[in-house]
$ cat start_34.csv   # CSV, C-alpha atoms and all ligand atoms
chain,number,residue,atom,x,y,z
A,1,MET,CA,8.0,97.0,76.3
A,2,VAL,CA,7.7,95.7,72.8
A,3,ASN,CA,4.9,98.0,71.9
A,4,GLU,CA,6.7,101.0,73.2
A,5,LEU,CA,9.8,100.1,71.1
A,6,GLY,CA,7.6,99.6,68.0
A,7,LEU,CA,5.8,102.8,68.6
A,8,GLY,CA,9.1,104.7,68.9
A,9,LEU,CA,10.4,103.2,65.7
A,10,GLY,CA,7.2,104.1,63.9
A,11,LEU,CA,7.4,107.7,65.1
A,12,LEU,CA,11.0,107.9,64.0
A,13,LEU,CA,10.2,106.6,60.5
A,14,ALA,CA,7.3,109.0,60.2
A,15,LEU,CA,9.7,111.9,61.2
A,16,ILE,CA,12.2,110.8,58.6
A,17,VAL,CA,9.6,110.6,55.8
A,18,VAL,CA,8.3,114.1,56.7
A,19,ALA,CA,11.8,115.5,56.8
A,20,LEU,CA,12.6,114.0,53.4
A,21,HIS,CA,9.4,115.4,52.0
A,22,TYR,CA,10.4,118.9,52.9
A,23,THR,CA,14.1,118.6,51.9
A,24,LYS,CA,15.1,120.5,48.7
A,25,GLY,CA,16.6,118.5,45.9
A,26,THR,CA,19.9,119.2,44.1
A,27,GLU,CA,18.1,121.3,41.5
A,28,TRP,CA,19.8,119.3,38.8
A,29,ARG,CA,18.3,120.1,35.4
A,30,ILE,CA,18.6,118.3,32.0
A,31,ALA,CA,21.2,120.0,29.9
A,32,ASP,CA,20.0,121.8,26.7
A,33,ASP,CA,19.8,119.7,23.6
A,34,ILE,CA,22.8,120.8,21.5
A,35,SER,CA,22.5,118.0,18.8
A,36,GLN,CA,21.4,120.5,16.1
A,37,GLU,CA,24.2,122.8,16.9
A,38,VAL,CA,26.7,119.9,16.6
A,39,LEU,CA,25.2,118.9,13.2
A,40,ASP,CA,25.4,122.5,11.9
A,41,GLN,CA,29.1,122.7,12.9
A,42,ARG,CA,29.8,119.4,11.2
A,43,ALA,CA,28.0,120.5,8.0
A,44,ALA,CA,29.9,123.8,8.0
A,45,SER,CA,33.2,121.8,8.2
A,46,VAL,CA,32.6,119.7,5.1
A,47,PRO,CA,33.7,121.4,1.9
A,48,GLU,CA,31.2,122.0,-0.9
A,49,THR,CA,31.7,119.9,-4.1
A,50,ASP,CA,30.4,120.3,-7.6
A,51,PHE,CA,29.6,116.6,-8.2
A,52,PRO,CA,28.4,114.6,-5.2
A,53,GLU,CA,29.2,111.2,-6.5
A,54,PRO,CA,31.9,108.9,-5.2
A,55,MET,CA,34.0,108.4,-8.2
A,56,ASN,CA,34.5,112.1,-8.9
A,57,ARG,CA,38.3,112.5,-9.3
A,58,SER,CA,38.1,116.3,-9.3
A,59,ILE,CA,37.4,116.2,-5.5
A,60,GLY,CA,39.9,113.5,-4.8
A,61,GLY,CA,37.4,110.7,-4.6
A,62,GLY,CA,38.8,108.4,-7.2
A,63,GLY,CA,42.6,108.8,-7.1
A,64,ALA,CA,45.1,111.2,-8.5
A,65,VAL,CA,44.2,114.0,-10.9
A,66,ALA,CA,46.2,113.1,-13.8
A,67,ILE,CA,45.7,115.7,-16.5
A,68,GLY,CA,48.4,118.4,-16.3
A,69,GLY,CA,50.2,116.6,-13.5
A,70,GLY,CA,48.1,118.1,-10.8
A,71,ALA,CA,48.4,116.9,-7.2
A,72,GLU,CA,46.2,114.2,-5.8
A,73,GLY,CA,42.7,115.5,-4.9
A,74,GLU,CA,43.3,118.9,-6.5
A,75,LEU,CA,40.1,120.5,-7.6
A,76,ALA,CA,39.9,120.6,-11.4
A,77,GLY,CA,39.3,124.1,-12.7
A,78,GLU,CA,40.7,125.9,-9.7
A,79,GLY,CA,43.8,127.8,-11.0
A,80,GLU,CA,44.3,125.2,-13.7
A,81,GLU,CA,43.3,125.2,-17.3
A,82,GLU,CA,40.9,122.5,-18.4
A,83,GLU,CA,42.5,120.2,-21.0
A,84,ASP,CA,41.7,121.5,-24.4
A,85,THR,CA,41.4,118.4,-26.6
A,86,GLY,CA,40.9,120.6,-29.7
A,87,PHE,CA,38.0,118.5,-30.8
A,88,ASP,CA,34.6,120.3,-31.3
A,89,PRO,CA,32.0,117.9,-32.8
A,90,SER,CA,29.6,120.7,-33.5
A,91,ALA,CA,32.2,122.2,-35.9
A,92,ILE,CA,32.1,119.2,-38.2
A,93,PRO,CA,30.1,120.2,-41.3
A,94,GLU,CA,27.2,117.9,-41.9
A,95,ASP,CA,28.6,116.6,-45.2
A,96,GLU,CA,31.9,115.7,-43.5
A,97,VAL,CA,30.3,113.6,-40.7
A,98,GLU,CA,31.6,110.0,-40.9
A,99,TYR,CA,29.9,106.8,-39.6
A,100,PHE,CA,31.7,104.0,-37.9
A,101,GLU,CA,30.8,100.5,-36.7
A,102,VAL,CA,31.0,100.4,-32.9
A,103,GLU,CA,30.7,97.1,-31.1
A,104,TYR,CA,29.3,97.4,-27.6
A,105,VAL,CA,30.9,94.2,-26.3
A,106,ASN,CA,28.9,93.9,-23.1
A,107,GLU,CA,25.6,94.4,-24.9
A,108,GLY,CA,26.6,92.0,-27.7
A,109,GLU,CA,25.6,94.4,-30.4
A,110,THR,CA,27.3,96.5,-33.1
A,111,ILE,CA,25.7,99.8,-34.1
A,112,GLU,CA,26.6,102.7,-36.4
A,113,VAL,CA,27.9,105.8,-34.5
A,114,ALA,CA,28.6,109.1,-36.2
A,115,SER,CA,31.9,110.9,-35.7
A,116,ASN,CA,30.0,113.7,-34.0
A,117,GLU,CA,28.0,111.4,-31.8
A,118,ARG,CA,28.9,110.6,-28.2
A,119,ILE,CA,29.5,106.9,-27.6
A,120,LEU,CA,27.5,107.1,-24.4
A,121,GLU,CA,24.5,108.7,-26.1
A,122,ALA,CA,24.6,106.4,-29.1
A,123,GLY,CA,24.3,103.4,-26.7
A,124,GLU,CA,21.6,105.1,-24.7
A,125,ASP,CA,19.6,105.6,-27.9
A,126,GLU,CA,19.6,101.8,-28.2
A,127,GLY,CA,17.9,101.6,-24.8
A,128,TRP,CA,21.1,100.5,-22.9
A,129,ASP,CA,21.7,101.7,-19.4
A,130,PHE,CA,25.2,103.0,-18.8
A,131,PRO,CA,26.6,104.6,-15.6
A,132,TYR,CA,27.2,108.4,-15.8
A,133,SER,CA,27.2,111.5,-13.7
A,134,CYS,CA,28.5,114.8,-15.0
A,135,ARG,CA,28.3,114.0,-18.8
A,136,GLU,CA,31.1,116.6,-19.3
A,137,GLY,CA,34.3,114.6,-19.0
A,138,GLN,CA,34.8,115.8,-15.4
A,139,CYS,CA,34.4,112.6,-13.4
A,140,LEU,CA,34.9,108.9,-14.1
A,141,SER,CA,31.4,107.5,-13.9
A,142,CYS,CA,31.1,106.8,-17.6
A,143,GLY,CA,34.5,105.2,-17.9
A,144,ALA,CA,34.9,102.7,-20.7
A,145,LYS,CA,37.7,100.8,-22.4
A,146,LEU,CA,38.6,99.9,-26.0
A,147,ALA,CA,38.1,96.2,-26.5
A,148,ASP,CA,39.2,96.5,-30.2
A,149,GLY,CA,41.0,99.4,-31.8
A,150,GLU,CA,43.7,101.9,-31.0
A,151,PRO,CA,43.6,104.9,-28.6
A,152,ASP,CA,43.7,107.2,-31.6
A,153,ASP,CA,40.4,105.7,-32.9
A,154,ILE,CA,38.6,107.8,-30.2
A,155,VAL,CA,38.7,111.5,-29.6
A,156,HIS,CA,37.4,113.4,-26.6
A,157,SER,CA,35.7,116.7,-26.7
A,158,ASN,CA,36.6,117.2,-23.1
A,159,ASN,CA,38.7,115.2,-20.6
A,160,ASP,CA,39.5,116.5,-17.2
A,161,THR,CA,40.0,113.0,-15.7
A,162,LEU,CA,42.0,110.5,-17.6
A,163,SER,CA,45.8,110.7,-17.9
A,164,GLU,CA,47.6,110.2,-21.2
A,165,ASP,CA,48.9,106.9,-19.8
A,166,GLU,CA,45.4,105.7,-19.1
A,167,ILE,CA,44.2,106.7,-22.6
A,168,GLU,CA,47.2,104.8,-24.0
A,169,LYS,CA,45.9,101.8,-22.2
A,170,GLY,CA,42.5,102.2,-24.0
A,171,TYR,CA,40.4,103.9,-21.4
A,172,PHE,CA,38.1,106.7,-22.4
A,173,LEU,CA,35.2,108.7,-21.1
A,174,SER,CA,32.2,107.6,-23.0
A,175,CYS,CA,30.2,110.8,-22.4
A,176,THR,CA,32.7,112.9,-24.3
A,177,ALA,CA,34.2,110.3,-26.6
A,178,TYR,CA,33.6,110.1,-30.4
A,179,PRO,CA,34.6,107.3,-32.7
A,180,GLN,CA,37.2,108.0,-35.4
A,181,ALA,CA,37.3,104.4,-36.7
A,182,ASP,CA,35.5,101.1,-36.4
A,183,ILE,CA,36.0,100.0,-32.8
A,184,GLY,CA,34.9,97.6,-30.0
A,185,VAL,CA,34.1,99.1,-26.6
A,186,GLU,CA,33.5,97.8,-23.1
A,187,THR,CA,31.4,100.1,-21.0
A,188,ASN,CA,31.6,100.4,-17.2
A,189,GLU,CA,35.4,100.0,-17.2
A,190,THR,CA,37.7,102.4,-15.3
A,191,PRO,CA,41.4,102.4,-14.6
B,1,LIG,S1,29.9,111.1,-16.8
B,1,LIG,FE1,31.5,112.2,-15.8
B,1,LIG,S2,33.1,112.0,-17.2
B,1,LIG,FE2,31.5,111.0,-18.2
$ encode --input "start_34.csv" --output "structure tokens" --more "lines below"
Ligand code: FES
Amino acid sequence: MVNELGLGLGLLLALIVVALHYTKGTEWRIADDISQEVLDQRAASVPETDFPEPMNRSIGGGGAVAIGGGAEGELAGEGEEEEDTGFDPSAIPEDEVEYFEVEYVNEGETIEVASNERILEAGEDEGWDFPYSCREGQCLSCGAKLADGEPDDIVHSNNDTLSEDEIEKGYFLSCTAYPQADIGVETNETP
């Protein structure tokens, strides 16, 4: 009796295994990989910028665009005149170039800088490392501040970034700033 029951169960199991073996699956397939397509769509949705550095105010990365009263994040140069500072260092005749004592406070040194020489480059010539990006007065990477002197003691050849208010507080862009008097400067300072 026991053997007959066991034999019956064994046959039933064997039939089930055979039936499962010949049963078709659900035909489920792995979906196509769309990750590259998603990446392409995301890349296409990000606007192009001229200067891919984080403090570039012209793309709204560092706060309001102040020159000319533009709206926050407005792209400098699009439909707006760049600020004409009226200062062209290359127009200064060689015999009219003046030389001033500029103290680089953080470096603890005072050097002579010509009135047609950029404060950033004069310091770099000494072997000092300063932050910069565009070197054209269009971002804020090279920002610096007067530690000694008046705002009029510095003149910019180009300034698309700092507001008059910020300049009044002593801030300047060292990449396009030229001394007009003996001054003290602190590099790596931004409003
Ligand atoms: S490096 Fe961009 S404003 Fe000086």
$ residues_near_ligand --input "start_34.csv" --ligand "ligand LIG 1 (chain B)" --cutoff "7 Å" --atoms "only C-alpha atoms and all ligand atoms" --output "list in words"
Tyr132, Ser133, Cys134, Arg135, Glu136, Gly137, Gln138, Cys139, Leu140, Ser141, Cys142, Gly143, Leu173, Ser174, Cys175 and Thr176 of chain A
$ atom_distance --input "start_34.csv" --atom1 "atom CA of A:Asn106" --atom2 "atom CA of A:Tyr171"
15.3 Å
$ atom_distance --input "start_34.csv" --atom1 "atom CA of A:Glu126" --atom2 "atom CA of A:Lys169"
27.0 Å
$ atom_distance --input "start_34.csv" --atom1 "atom CA of A:Glu96" --atom2 "atom CA of A:Glu166"
29.6 Å
$ closest_residue --input "start_34.csv" --among "A:Ile119, A:Ala147, A:Leu162, A:Ala14" --to "A:Pro179" --atoms "only C-alpha atoms"
A:Ile119
